[in-house]
file data-v8.cif (mmCIF, C-alpha atoms and all ligand atoms)
data_input
#
loop_
_atom_site.label_atom_id
_atom_site.label_comp_id
_atom_site.auth_asym_id
_atom_site.auth_seq_id
_atom_site.Cartn_x
_atom_site.Cartn_y
_atom_site.Cartn_z
CA MET L 880 -18.27 38.28 1.56
CA THR L 881 -17.28 34.60 1.51
CA ALA L 882 -15.51 33.31 -1.56
CA ALA L 883 -16.63 30.00 -3.06
CA LEU L 884 -14.38 27.17 -1.91
CA ASP L 885 -13.09 26.74 -5.46
CA GLU L 886 -11.79 30.28 -5.45
CA ILE L 887 -9.91 30.21 -2.17
CA GLN L 888 -6.20 30.07 -2.94
CA THR L 889 -3.52 30.83 -0.40
CA PRO L 890 0.13 30.05 -1.20
CA GLY L 891 1.46 27.12 0.80
CA ARG L 892 -1.91 25.58 1.49
CA LYS L 893 -2.46 22.00 0.41
CA ARG L 894 -4.69 21.55 -2.63
CA LEU L 895 -7.26 18.80 -2.53
CA LEU L 896 -9.35 17.59 -5.45
CA LEU L 897 -12.62 15.97 -4.37
CA LEU L 898 -14.30 13.83 -7.02
CA MET L 899 -18.03 13.79 -6.43
CA THR L 900 -21.43 13.46 -8.02
CA PRO L 901 -23.78 16.45 -7.77
CA ALA L 902 -26.22 14.33 -5.71
CA THR L 903 -23.70 13.18 -3.13
CA TYR L 904 -24.76 13.07 0.50
CA ARG L 905 -21.22 13.53 1.64
CA ALA L 906 -19.95 16.81 0.21
CA GLY L 907 -20.72 18.83 3.36
CA ALA L 908 -18.74 16.55 5.65
CA TYR L 909 -15.70 16.67 3.33
CA PHE L 910 -15.90 20.45 2.86
CA ASP L 911 -16.09 20.99 6.62
CA ALA L 912 -13.15 18.69 7.19
CA ALA L 913 -11.09 20.41 4.48
CA GLN L 914 -11.87 23.80 5.92
CA HIS L 915 -10.85 22.61 9.35
CA LEU L 916 -7.53 21.50 7.85
CA ASP L 917 -7.17 24.85 6.08
CA THR L 918 -6.92 23.06 2.77
CA GLU L 919 -7.95 24.43 -0.60
CA VAL L 920 -10.73 22.35 -2.15
CA ILE L 921 -11.32 21.88 -5.85
CA ARG L 922 -14.46 20.03 -6.83
CA GLY L 923 -14.35 17.63 -9.75
CA LEU L 924 -18.02 17.09 -10.54
CA ASP L 925 -19.46 14.28 -12.62
CA LEU L 926 -21.54 16.43 -14.96
CA PRO L 927 -22.24 16.72 -18.68
CA LYS L 928 -20.26 19.64 -20.13
CA THR L 929 -23.38 21.57 -21.14
CA VAL L 930 -24.82 21.48 -17.61
CA ALA L 931 -21.43 22.38 -16.14
CA GLU L 932 -21.24 25.46 -18.35
CA GLU L 933 -24.76 26.50 -17.43
CA TRP L 934 -24.01 26.06 -13.71
CA GLY L 935 -20.57 27.67 -13.96
CA VAL L 936 -18.78 24.58 -12.63
CA PRO L 937 -15.08 25.02 -13.38
CA LEU L 938 -14.05 21.34 -13.35
CA ALA L 939 -16.65 19.07 -14.96
CA LEU L 940 -15.70 15.47 -15.55
CA ASP L 941 -17.28 12.34 -16.97
CA PHE L 942 -16.53 9.62 -14.40
CA ALA L 943 -17.41 6.93 -16.94
CA ASP L 944 -14.93 8.30 -19.50
CA THR L 945 -11.82 7.98 -17.39
CA GLU L 946 -9.42 8.55 -20.28
CA SER L 947 -10.62 12.04 -21.12
CA SER L 948 -11.17 12.86 -17.43
CA VAL L 949 -7.59 11.88 -16.57
CA ALA L 950 -6.36 14.09 -19.44
CA THR L 951 -8.41 17.01 -18.06
CA LEU L 952 -7.00 16.43 -14.57
CA LYS L 953 -3.43 16.15 -15.86
CA ALA L 954 -3.78 19.52 -17.56
CA ALA L 955 -5.24 21.08 -14.39
CA HIS L 956 -2.43 19.53 -12.30
CA ALA L 957 0.18 20.95 -14.69
CA ARG L 958 -1.26 24.43 -14.21
CA GLN L 959 -1.38 24.11 -10.43
CA PRO L 960 -0.61 20.77 -8.76
CA PHE L 961 -2.99 18.83 -6.52
CA ASP L 962 -1.64 17.30 -3.33
CA ALA L 963 -4.30 14.59 -3.27
CA ILE L 964 -7.26 13.35 -5.29
CA VAL L 965 -9.97 11.81 -3.15
CA PRO L 966 -13.14 10.07 -4.40
CA VAL L 967 -16.19 11.02 -2.37
CA ASP L 968 -18.55 8.58 -4.09
CA ASP L 969 -18.17 4.98 -5.12
CA SER L 970 -18.57 5.92 -8.78
CA ALA L 971 -15.38 8.02 -8.55
CA THR L 972 -13.05 5.34 -7.20
CA ILE L 973 -11.77 4.12 -10.57
CA LEU L 974 -11.18 7.63 -11.91
CA ALA L 975 -9.43 8.59 -8.65
CA ALA L 976 -7.11 5.59 -8.90
CA ARG L 977 -6.28 6.28 -12.56
CA ALA L 978 -5.77 10.00 -11.98
CA ASN L 979 -3.62 9.51 -8.88
CA ALA L 980 -1.51 6.94 -10.78
CA ALA L 981 -1.13 9.31 -13.76
CA LEU L 982 -0.06 12.18 -11.48
CA GLY L 983 2.23 10.04 -9.31
CA LEU L 984 0.15 10.57 -6.18
CA PRO L 985 -0.22 7.70 -3.70
CA TRP L 986 -3.49 5.73 -3.91
CA ASN L 987 -4.75 2.29 -4.86
CA PRO L 988 -3.52 0.87 -8.16
CA PRO L 989 -6.18 1.27 -10.90
CA GLU L 990 -6.55 -2.51 -11.32
CA ALA L 991 -7.42 -2.84 -7.64
CA ALA L 992 -9.99 -0.06 -7.87
CA GLU L 993 -11.49 -1.83 -10.87
CA ALA L 994 -11.55 -5.20 -9.11
CA ALA L 995 -13.33 -3.62 -6.15
CA ARG L 996 -16.11 -2.44 -8.47
CA ASP L 997 -16.62 -5.79 -10.20
CA LYS L 998 -18.04 -8.58 -8.07
CA GLY L 999 -16.87 -11.25 -10.54
CA VAL L 1000 -13.23 -10.12 -10.53
CA MET L 1001 -13.37 -9.63 -6.78
CA ARG L 1002 -14.64 -13.17 -6.20
CA ARG L 1003 -12.01 -14.65 -8.51
CA LEU L 1004 -9.13 -12.83 -6.81
CA MET L 1005 -10.38 -13.65 -3.32
CA ALA L 1006 -10.81 -17.33 -4.18
CA ALA L 1007 -7.32 -17.46 -5.73
CA ALA L 1008 -5.82 -15.98 -2.56
CA GLY L 1009 -7.72 -18.41 -0.32
CA VAL L 1010 -9.77 -15.69 1.38
CA PRO L 1011 -12.94 -17.26 2.85
CA SER L 1012 -15.67 -16.16 0.43
CA PRO L 1013 -18.71 -17.79 -1.18
CA VAL L 1014 -18.25 -20.32 -3.96
CA PHE L 1015 -19.50 -18.62 -7.10
CA ARG L 1016 -20.44 -19.38 -10.68
CA ARG L 1017 -20.52 -16.82 -13.45
CA PHE L 1018 -23.10 -17.11 -16.24
CA PRO L 1019 -23.71 -15.04 -19.36
CA LEU L 1020 -27.21 -13.57 -19.26
CA THR L 1021 -27.88 -15.51 -22.46
CA THR L 1022 -27.72 -18.83 -20.53
CA ASP L 1023 -31.02 -20.72 -20.25
CA PRO L 1024 -32.20 -19.98 -16.68
CA HIS L 1025 -33.23 -23.64 -16.29
CA GLU L 1026 -29.64 -24.62 -17.01
CA ILE L 1027 -28.47 -22.13 -14.35
CA ALA L 1028 -31.05 -23.66 -11.98
CA ARG L 1029 -29.61 -27.12 -12.64
CA GLN L 1030 -26.07 -25.99 -11.77
CA ALA L 1031 -26.92 -23.74 -8.80
CA PRO L 1032 -26.47 -24.77 -5.17
CA TYR L 1033 -29.41 -24.15 -2.80
CA PRO L 1034 -29.89 -21.81 -1.08
CA CYS L 1035 -28.00 -19.42 -3.34
CA VAL L 1036 -27.74 -15.73 -4.12
CA VAL L 1037 -28.15 -14.31 -7.62
CA LYS L 1038 -26.43 -10.97 -8.23
CA PRO L 1039 -25.23 -8.52 -10.86
CA LEU L 1040 -21.53 -7.76 -11.29
CA ARG L 1041 -21.58 -4.00 -11.09
CA LEU L 1042 -24.57 -2.65 -9.21
CA SER L 1043 -24.44 -1.49 -5.60
CA GLY L 1044 -26.66 -0.95 -2.58
CA SER L 1045 -27.91 -4.58 -2.81
CA ARG L 1046 -29.70 -3.75 -6.08
CA GLY L 1047 -30.54 -6.94 -7.93
CA VAL L 1048 -29.19 -9.21 -5.17
CA ILE L 1049 -31.78 -11.98 -4.65
CA ARG L 1050 -31.76 -15.22 -2.64
CA ALA L 1051 -33.24 -18.37 -4.17
CA ASN L 1052 -34.03 -21.52 -2.17
CA THR L 1053 -35.33 -23.68 -5.04
CA PRO L 1054 -34.86 -24.00 -8.82
CA ASP L 1055 -38.21 -22.24 -9.39
CA GLU L 1056 -37.14 -19.31 -7.21
CA LEU L 1057 -33.82 -19.23 -9.04
CA VAL L 1058 -35.49 -18.99 -12.45
CA ALA L 1059 -37.72 -16.16 -11.16
CA ALA L 1060 -34.74 -14.37 -9.57
CA VAL L 1061 -32.73 -14.53 -12.79
CA ALA L 1062 -35.69 -13.11 -14.74
CA ARG L 1063 -36.04 -10.27 -12.25
CA LEU L 1064 -32.32 -9.48 -12.31
CA GLU L 1065 -32.32 -9.65 -16.10
CA ARG L 1066 -35.08 -7.05 -16.26
CA ILE L 1067 -33.15 -4.73 -13.91
CA LEU L 1068 -29.99 -5.07 -16.00
CA LEU L 1069 -31.76 -4.56 -19.33
CA ASP L 1070 -33.74 -1.58 -17.97
CA ASP L 1071 -30.38 -0.07 -16.98
CA GLY L 1072 -29.27 -0.28 -20.61
CA ASN L 1073 -27.04 -3.36 -20.42
CA ALA L 1074 -26.98 -5.60 -23.48
CA ARG L 1075 -28.02 -9.21 -22.89
CA ALA L 1076 -25.23 -10.51 -25.11
CA THR L 1077 -22.43 -8.90 -23.11
CA THR L 1078 -23.69 -9.08 -19.54
CA ASP L 1079 -22.85 -11.75 -16.96
CA ILE L 1080 -24.40 -12.56 -13.60
CA LEU L 1081 -23.15 -14.41 -10.52
CA VAL L 1082 -24.75 -17.24 -8.59
CA GLU L 1083 -23.15 -17.75 -5.18
CA ASP L 1084 -23.56 -20.11 -2.26
CA PHE L 1085 -25.70 -18.42 0.38
CA ILE L 1086 -23.52 -17.87 3.45
CA PRO L 1087 -25.63 -18.03 6.63
CA GLY L 1088 -24.69 -16.00 9.68
CA VAL L 1089 -24.75 -12.55 11.16
CA GLU L 1090 -23.45 -9.66 9.11
CA VAL L 1091 -20.97 -6.96 10.03
CA ALA L 1092 -19.38 -4.06 8.20
CA LEU L 1093 -15.81 -2.96 8.74
CA ASP L 1094 -14.42 0.45 7.94
CA GLY L 1095 -10.68 0.62 7.81
CA LEU L 1096 -7.74 2.63 6.56
CA LEU L 1097 -4.96 1.03 4.54
CA ARG L 1098 -1.55 2.54 5.24
CA GLU L 1099 1.99 1.46 4.55
CA ASP L 1100 1.94 -0.75 7.63
CA GLY L 1101 -1.31 -2.49 6.68
CA LEU L 1102 -4.96 -2.27 7.68
CA HIS L 1103 -6.05 -0.10 10.61
CA VAL L 1104 -9.58 -0.88 11.74
CA LEU L 1105 -11.57 2.32 12.21
CA ALA L 1106 -14.85 0.70 13.22
CA ILE L 1107 -16.72 -2.59 13.11
CA PHE L 1108 -20.50 -2.27 12.83
CA ASP L 1109 -23.00 -4.96 13.79
CA LYS L 1110 -26.12 -5.30 11.66
CA PRO L 1111 -28.65 -6.53 14.20
CA ASP L 1112 -31.51 -7.14 11.73
CA PRO L 1113 -31.19 -10.57 10.08
CA LEU L 1114 -30.15 -10.37 6.45
CA ASP L 1115 -31.51 -13.67 5.20
CA GLY L 1116 -33.21 -12.57 2.00
CA PRO L 1117 -34.90 -12.84 -0.39
CA PHE L 1118 -33.68 -9.21 -0.64
CA PHE L 1119 -30.92 -7.71 1.46
CA GLU L 1120 -31.97 -4.36 2.74
CA GLU L 1121 -29.54 -2.58 5.02
CA THR L 1122 -31.27 -1.10 8.05
CA ILE L 1123 -29.51 -0.73 11.39
CA TYR L 1124 -25.77 -0.42 11.96
CA THR L 1125 -24.45 -0.16 15.52
CA THR L 1126 -20.94 0.29 16.82
CA PRO L 1127 -18.78 -0.72 18.64
CA SER L 1128 -19.39 -4.33 17.71
CA ARG L 1129 -20.85 -6.62 20.35
CA LEU L 1130 -18.97 -9.62 18.96
CA SER L 1131 -16.09 -11.08 21.00
CA ALA L 1132 -12.62 -9.56 20.71
CA GLU L 1133 -11.49 -12.83 19.13
CA SER L 1134 -14.21 -12.67 16.49
CA GLN L 1135 -13.43 -9.01 15.76
CA ALA L 1136 -9.75 -9.85 15.31
CA ALA L 1137 -10.69 -12.62 12.84
CA ILE L 1138 -12.94 -10.16 10.95
CA ALA L 1139 -10.09 -7.64 10.71
CA ASP L 1140 -7.69 -10.34 9.54
CA CYS L 1141 -10.15 -11.54 6.87
CA ALA L 1142 -10.75 -7.98 5.60
CA GLY L 1143 -7.00 -7.30 5.48
CA ARG L 1144 -6.44 -10.46 3.45
CA ALA L 1145 -9.28 -9.55 1.10
CA ALA L 1146 -7.82 -6.08 0.53
CA ALA L 1147 -4.41 -7.59 -0.24
CA ALA L 1148 -6.00 -10.18 -2.55
CA ILE L 1149 -7.53 -7.56 -4.78
CA GLY L 1150 -4.58 -5.16 -4.50
CA LEU L 1151 -6.09 -2.38 -2.38
CA ARG L 1152 -3.29 -0.82 -0.34
CA ASP L 1153 -3.95 2.87 0.29
CA GLY L 1154 -6.87 4.78 1.72
CA PRO L 1155 -10.24 3.75 3.10
CA ILE L 1156 -11.97 0.40 2.76
CA HIS L 1157 -15.53 -0.57 3.55
CA ALA L 1158 -16.04 -4.32 3.86
CA GLU L 1159 -19.13 -6.46 4.43
CA LEU L 1160 -18.64 -9.84 6.07
CA ARG L 1161 -20.86 -12.67 7.28
CA VAL L 1162 -19.81 -14.45 10.47
CA ASN L 1163 -20.86 -17.98 11.40
CA GLU L 1164 -19.46 -20.95 13.36
CA ARG L 1165 -16.76 -21.34 10.71
CA GLY L 1166 -15.56 -17.76 11.17
CA PRO L 1167 -15.80 -14.66 8.97
CA TRP L 1168 -16.58 -14.75 5.22
CA MET L 1169 -16.02 -11.89 2.84
CA VAL L 1170 -19.12 -10.69 1.05
CA GLU L 1171 -17.66 -7.57 -0.45
CA ILE L 1172 -14.90 -5.01 -0.11
CA ALA L 1173 -14.86 -1.50 -1.56
CA GLY L 1174 -12.04 1.03 -1.79
CA ARG L 1175 -14.04 3.79 -0.11
CA SER L 1176 -15.43 4.63 3.31
CA ILE L 1177 -18.92 3.93 4.61
CA GLY L 1178 -21.64 5.43 2.41
CA GLY L 1179 -24.55 7.80 2.81
CA LEU L 1180 -24.63 9.81 5.99
CA CYS L 1181 -23.60 6.83 8.13
CA SER L 1182 -20.14 8.19 8.87
CA THR L 1183 -21.62 10.91 11.07
CA ILE L 1184 -21.93 8.44 13.95
CA LEU L 1185 -18.18 7.86 14.06
CA GLU L 1186 -15.88 9.98 16.14
CA PHE L 1187 -12.16 9.66 16.64
CA GLY L 1188 -9.71 11.20 19.11
CA ALA L 1189 -10.28 14.91 19.91
CA GLY L 1190 -13.71 14.82 18.26
CA MET L 1191 -12.33 14.22 14.79
CA CYS L 1192 -14.77 12.99 12.14
CA LEU L 1193 -14.07 10.20 9.66
CA GLU L 1194 -13.74 12.58 6.72
CA GLU L 1195 -11.04 14.64 8.42
CA LEU L 1196 -9.14 11.51 9.27
CA LEU L 1197 -9.33 10.32 5.64
CA LEU L 1198 -8.26 13.71 4.30
CA ARG L 1199 -5.33 13.83 6.73
CA HIS L 1200 -4.27 10.44 5.42
CA ALA L 1201 -4.64 11.44 1.76
CA LEU L 1202 -2.76 14.69 2.30
CA ARG L 1203 -0.11 12.90 4.35
CA MET L 1204 -0.80 15.11 7.35
CA GLU L 1205 -0.26 13.99 10.90
CA LEU L 1206 -2.82 11.43 12.09
CA PRO L 1207 -3.95 11.19 15.67
CA SER L 1208 -5.46 8.02 17.12
CA LEU L 1209 -7.21 5.83 14.57
CA GLU L 1210 -9.45 4.23 17.15
CA SER L 1211 -13.02 5.41 17.20
CA VAL L 1212 -14.22 6.67 20.53
CA GLY L 1213 -17.74 6.42 21.93
CA VAL L 1214 -19.51 3.65 23.77
CA GLY L 1215 -22.60 3.26 21.65
CA ALA L 1216 -23.76 4.71 18.37
CA GLY L 1217 -26.06 3.62 15.62
CA VAL L 1218 -27.62 4.62 12.35
CA MET L 1219 -30.69 3.30 10.62
CA MET L 1220 -31.07 3.53 6.89
CA ILE L 1221 -34.84 3.93 6.64
CA PRO L 1222 -36.09 1.29 4.22
CA ILE L 1223 -38.66 1.98 1.52
CA PRO L 1224 -41.64 -0.08 2.70
CA LYS L 1225 -43.37 -0.19 -0.71
CA GLY L 1226 -43.14 1.32 -4.16
CA GLY L 1227 -45.14 4.39 -5.16
CA VAL L 1228 -45.07 8.14 -4.78
CA LEU L 1229 -43.94 9.42 -1.39
CA ARG L 1230 -46.63 11.90 -0.36
CA SER L 1231 -45.52 12.82 3.14
CA VAL L 1232 -43.70 11.69 6.21
CA TYR L 1233 -45.37 11.96 9.63
CA GLY L 1234 -44.02 11.65 13.14
CA VAL L 1235 -40.56 13.13 12.62
CA GLU L 1236 -40.80 15.37 15.68
CA GLU L 1237 -41.99 12.51 17.89
CA ALA L 1238 -39.20 10.32 16.56
CA GLU L 1239 -36.63 13.05 17.22
CA ALA L 1240 -37.86 13.28 20.79
CA VAL L 1241 -37.03 9.63 21.52
CA PRO L 1242 -34.19 9.55 24.09
CA ASN L 1243 -30.71 8.97 22.58
CA ILE L 1244 -31.81 9.98 19.08
CA THR L 1245 -29.38 12.61 17.80
CA GLY L 1246 -30.92 13.33 14.43
CA ILE L 1247 -33.25 12.32 11.63
CA GLU L 1248 -32.65 13.13 8.01
CA ILE L 1249 -35.40 12.40 5.50
CA SER L 1250 -33.48 12.48 2.25
CA ILE L 1251 -36.27 11.81 -0.26
CA ARG L 1252 -38.48 14.75 -1.10
CA PRO L 1253 -42.26 14.42 -1.21
CA HIS L 1254 -43.76 13.71 -4.65
CA THR L 1255 -40.81 11.50 -5.55
CA VAL L 1256 -41.28 7.98 -6.90
CA VAL L 1257 -39.78 5.50 -4.46
CA THR L 1258 -38.80 1.97 -5.42
CA PRO L 1259 -37.95 -0.75 -2.88
CA LEU L 1260 -35.33 -3.46 -3.39
CA PRO L 1261 -34.38 -5.33 -5.46
CA GLU L 1262 -35.12 -2.80 -8.25
CA GLY L 1263 -34.45 0.32 -6.17
CA SER L 1264 -31.38 1.11 -4.13
CA SER L 1265 -32.05 4.21 -2.07
CA TYR L 1266 -33.40 4.81 1.42
CA LEU L 1267 -35.99 7.23 2.68
CA GLY L 1268 -33.40 8.70 4.99
CA PHE L 1269 -31.38 8.12 8.12
CA ILE L 1270 -31.94 8.03 11.88
CA PHE L 1271 -28.93 8.58 14.14
CA ALA L 1272 -28.47 7.57 17.78
CA ARG L 1273 -25.82 7.86 20.44
CA ALA L 1274 -26.21 6.07 23.77
CA GLU L 1275 -24.42 4.41 26.65
CA SER L 1276 -24.18 1.13 24.69
CA PRO L 1277 -24.77 -0.17 21.16
CA ALA L 1278 -27.82 -2.06 22.46
CA ALA L 1279 -29.32 1.18 23.79
CA ALA L 1280 -28.59 2.92 20.47
CA GLU L 1281 -30.34 0.07 18.62
CA GLU L 1282 -33.35 0.30 20.91
CA ALA L 1283 -33.59 4.06 20.32
CA LEU L 1284 -33.42 3.61 16.55
CA ARG L 1285 -36.22 1.02 16.60
CA ALA L 1286 -38.38 3.22 18.83
CA ALA L 1287 -37.82 6.28 16.61
CA HIS L 1288 -38.53 4.32 13.43
CA GLY L 1289 -41.76 3.07 15.03
CA LYS L 1290 -42.95 6.68 15.32
CA LEU L 1291 -42.43 7.49 11.63
CA ARG L 1292 -45.24 6.96 9.14
CA PHE L 1293 -44.76 7.19 5.42
CA ASP L 1294 -47.68 7.99 3.15
CA ILE L 1295 -46.84 6.33 -0.15
CA ALA L 1296 -49.47 6.35 -2.90
CA PRO L 1297 -49.35 3.30 -5.16
CA LEU L 1298 -48.43 3.84 -8.79
CA LEU L 1299 -50.81 2.49 -11.38
CA GLN L 1300 -49.61 -0.91 -12.47
CA MET L 1301 -48.10 -0.31 -15.88
CA ALA L 1302 -48.34 -3.05 -18.46
CA ARG L 1303 -44.81 -4.05 -19.44
P1 LIG M 1401 -23.94 -4.68 -3.14
O1 LIG M 1401 -22.58 -4.30 -3.60
O2 LIG M 1401 -25.01 -4.31 -4.11
O3 LIG M 1401 -24.22 -4.24 -1.72
P2 LIG M 1401 -23.34 -7.36 -2.17
O4 LIG M 1401 -22.66 -8.39 -2.96
O5 LIG M 1401 -22.55 -6.68 -1.10
O6 LIG M 1401 -23.98 -6.29 -3.16
O7 LIG M 1401 -24.64 -8.00 -1.53
C1 LIG M 1401 -25.57 -7.22 -0.79
C2 LIG M 1401 -26.00 -7.99 0.45
O8 LIG M 1401 -26.55 -9.25 0.06
C3 LIG M 1401 -24.87 -8.34 1.41
O9 LIG M 1401 -24.60 -7.30 2.30
C4 LIG M 1401 -25.43 -9.57 2.09
O10 LIG M 1401 -26.35 -9.23 3.11
C5 LIG M 1401 -26.21 -10.25 0.99
N1 LIG M 1401 -25.37 -11.26 0.28
C6 LIG M 1401 -24.70 -11.08 -0.86
N2 LIG M 1401 -24.06 -12.21 -1.22
C7 LIG M 1401 -24.33 -13.13 -0.27
C8 LIG M 1401 -23.98 -14.51 -0.08
N3 LIG M 1401 -23.24 -15.15 -0.96
N4 LIG M 1401 -24.46 -15.13 1.03
C9 LIG M 1401 -25.26 -14.47 1.91
N5 LIG M 1401 -25.64 -13.20 1.76
C10 LIG M 1401 -25.19 -12.52 0.69
#
call {"tool": "encode", "arguments": {"input": "data-v8.cif", "output": "structure tokens"}}
result
Amino acid sequence: MTAALDEIQTPGRKRLLLLMTPATYRAGAYFDAAQHLDTEVIRGLDLPKTVAEEWGVPLALDFADTESSVATLKAAHARQPFDAIVPVDDSATILAARANAALGLPWNPPEAAEAARDKGVMRRLMAAAGVPSPVFRRFPLTTDPHEIARQAPYPCVVKPLRLSGSRGVIRANTPDELVAAVARLERILLDDGNARATTDILVEDFIPGVEVALDGLLREDGLHVLAIFDKPDPLDGPFFEETIYTTPSRLSAESQAAIADCAGRAAAAIGLRDGPIHAELRVNERGPWMVEIAGRSIGGLCSTILEFGAGMCLEELLLRHALRMELPSLESVGVGAGVMMIPIPKGGVLRSVYGVEEAEAVPNITGIEISIRPHTVVTPLPEGSSYLGFIFARAESPAAAEEALRAAHGKLRFDIAPLLQMAR
């Protein structure tokens, strides 16, 4: 009989606390990596106490209430110490930083974790440190949108401070578009339960160019680049849906070095210094520009396309770092890999998905994961933030991986029934 991971306790083994939401895509990859490292795993789940009791979850936490969660973790640590606390999801990064600080374990300082989750603070710190990043203006939601339209540059990007996955991020080319974008963002924020009187929004210069993502690991000696991903589909708005990522980057070595330098400066500017970072940058004739940096690794199931020396996956590498175990090469291997986050083509109820087998049969496709179940309401950007799933490819070059992803996506058909238009 196999014991649950939470129950496995062998003296001398490292103890790892993984902070995760019950819906995380990434638990499996971390559990496998921990098992491979013969490490004891304790799950800290973001769950209401009542549900946790019903499910028999030993360590339930409220990620939003960091004070009480840190107290719970301190007590657990006193009973039996953790060697590392690692956030699996973005929503756990602030709690992880506070808990690691309270327990004296190495990680990012809490202020840095907070800055990385607040686009307004992030912009201010980057601008103060001279990191190339868009000029921004911050407005209370109570500001007259026509006044915002008068002050905005064009084209510009309207965005919330604390959402993710491009939710609520909207480009405006004219004052009329700006007024409409602010109204749309306001509705998203109010529907999420934010109060108009205490909520701010950002209006930024639109930075033209191609977009890349960088995954890196911050160690005592600075930033180690783990992978740079190209995003071959143009991200020019009005909404900014992520689709294809391919790696290694096809940009010049010089451009990649400038991207790494810019991301390293951005991390330093907001105080991130330990563990993974995931950064989004735009690159144009003036060089790289920081769009965003997060103190976590790449999201969703995207990490599965990365492979490091001796077949090591990203999660094992990150756990080795957190547990201060020996690290092999930090350079990703592989000549061409890609992932496509399958966009939601329209809102409605997902009835079924056709063509998966044909798509899987496309050469160089290594897997397809439809992550939304049938009979689920799906909402496209800018109100929604999820994907229908992922397509993975591995090929002799990033261009061949991209081609395979496009061919496979072309074989998929999504039957989405429209919802009745509800009067608001
Ligand atoms: P989120 O955290 O929700 O992903 P971001 O601030 O990273 O929000 O914005 C999402 C996407 O919107 C970016 O990846 C980029 O494509 C686009 N974007 C955001 N800000 C700008 C900007 N100032 N100029 C150009 N594109 C932008």
call {"tool": "residues_near_ligand", "arguments": {"input": "data-v8.cif", "ligand": "ligand LIG 1401 (chain M)", "cutoff": "6 Å", "atoms": "all atoms listed in the file", "output": "list in words"}}
result
Pro1013, Val1036, Leu1042, Ser1043, Gly1044, Ser1045, Arg1046, Val1048, Glu1083, Asp1084, Phe1085, Ile1086, Pro1087, Leu1114, Phe1119, Glu1159, Val1170 and Glu1171 of chain L
call {"tool": "closest_residue", "arguments": {"input": "data-v8.cif", "among": "L:Leu1004, L:Val967, L:Ala1279, L:Leu1298", "to": "Pro1155 (chain L)", "atoms": "all atoms listed in the file"}}
result
L:Val967
call {"tool": "closest_residue", "arguments": {"input": "data-v8.cif", "among": "L:Ile1177, L:Asp1112, L:Asn1163, L:Pro1207", "to": "Arg1285 (chain L)", "atoms": "all atoms listed in the file"}}
result
L:Asp1112
call {"tool": "residues_around", "arguments": {"input": "data-v8.cif", "residues": "Lys1110 (chain L)", "least_positions_apart": "2", "cutoff": "8 Å", "atoms": "all atoms listed in the file", "output": "MDAnalysis selection string"}}
result
chainID L and resid 1089:1092 1108 1112:1113 1121:1125
call {"tool": "write_last_selection", "arguments": {"input": "data-v8.cif", "atoms": "C-alpha atoms", "output": "PDB file, in the frame of the given file"}}
result
ATOM      1  CA  VAL L1089     -24.750 -12.550  11.160  1.00  0.00           C
ATOM      2  CA  GLU L1090     -23.450  -9.660   9.110  1.00  0.00           C
ATOM      3  CA  VAL L1091     -20.970  -6.960  10.030  1.00  0.00           C
ATOM      4  CA  ALA L1092     -19.380  -4.060   8.200  1.00  0.00           C
ATOM      5  CA  PHE L1108     -20.500  -2.270  12.830  1.00  0.00           C
ATOM      6  CA  ASP L1112     -31.510  -7.140  11.730  1.00  0.00           C
ATOM      7  CA  PRO L1113     -31.190 -10.570  10.080  1.00  0.00           C
ATOM      8  CA  GLU L1121     -29.540  -2.580   5.020  1.00  0.00           C
ATOM      9  CA  THR L1122     -31.270  -1.100   8.050  1.00  0.00           C
ATOM     10  CA  ILE L1123     -29.510  -0.730  11.390  1.00  0.00           C
ATOM     11  CA  TYR L1124     -25.770  -0.420  11.960  1.00  0.00           C
ATOM     12  CA  THR L1125     -24.450  -0.160  15.520  1.00  0.00           C
TER      13      THR L1125
END
call {"tool": "residues_near_point", "arguments": {"input": "data-v8.cif", "point": "(-51.4, 10.5, 2.3)", "cutoff": "10 Å", "atoms": "only C-alpha atoms", "output": "MDAnalysis selection string"}}
result
chainID L and resid 1228:1233 1292:1296
call {"tool": "closest_atom_pairs", "arguments": {"input": "data-v8.cif", "of": "region 1124-1176 of chain L", "to": "region 1181-1188 of chain L", "cutoff": "12 Å", "atoms": "all atoms listed in the file", "output": "Markdown table"}}
result
| residue | atom | partner | partner_atom | distance |
| --- | --- | --- | --- | --- |
| L:Tyr1124 | CA | L:Cys1181 | CA | 8.5 |
| L:Thr1125 | CA | L:Ile1184 | CA | 9.1 |
| L:Thr1126 | CA | L:Leu1185 | CA | 8.5 |
| L:Pro1127 | CA | L:Leu1185 | CA | 9.7 |
| L:His1157 | CA | L:Ser1182 | CA | 11.2 |
| L:Arg1175 | CA | L:Ser1182 | CA | 11.7 |
| L:Ser1176 | CA | L:Ser1182 | CA | 8.1 |
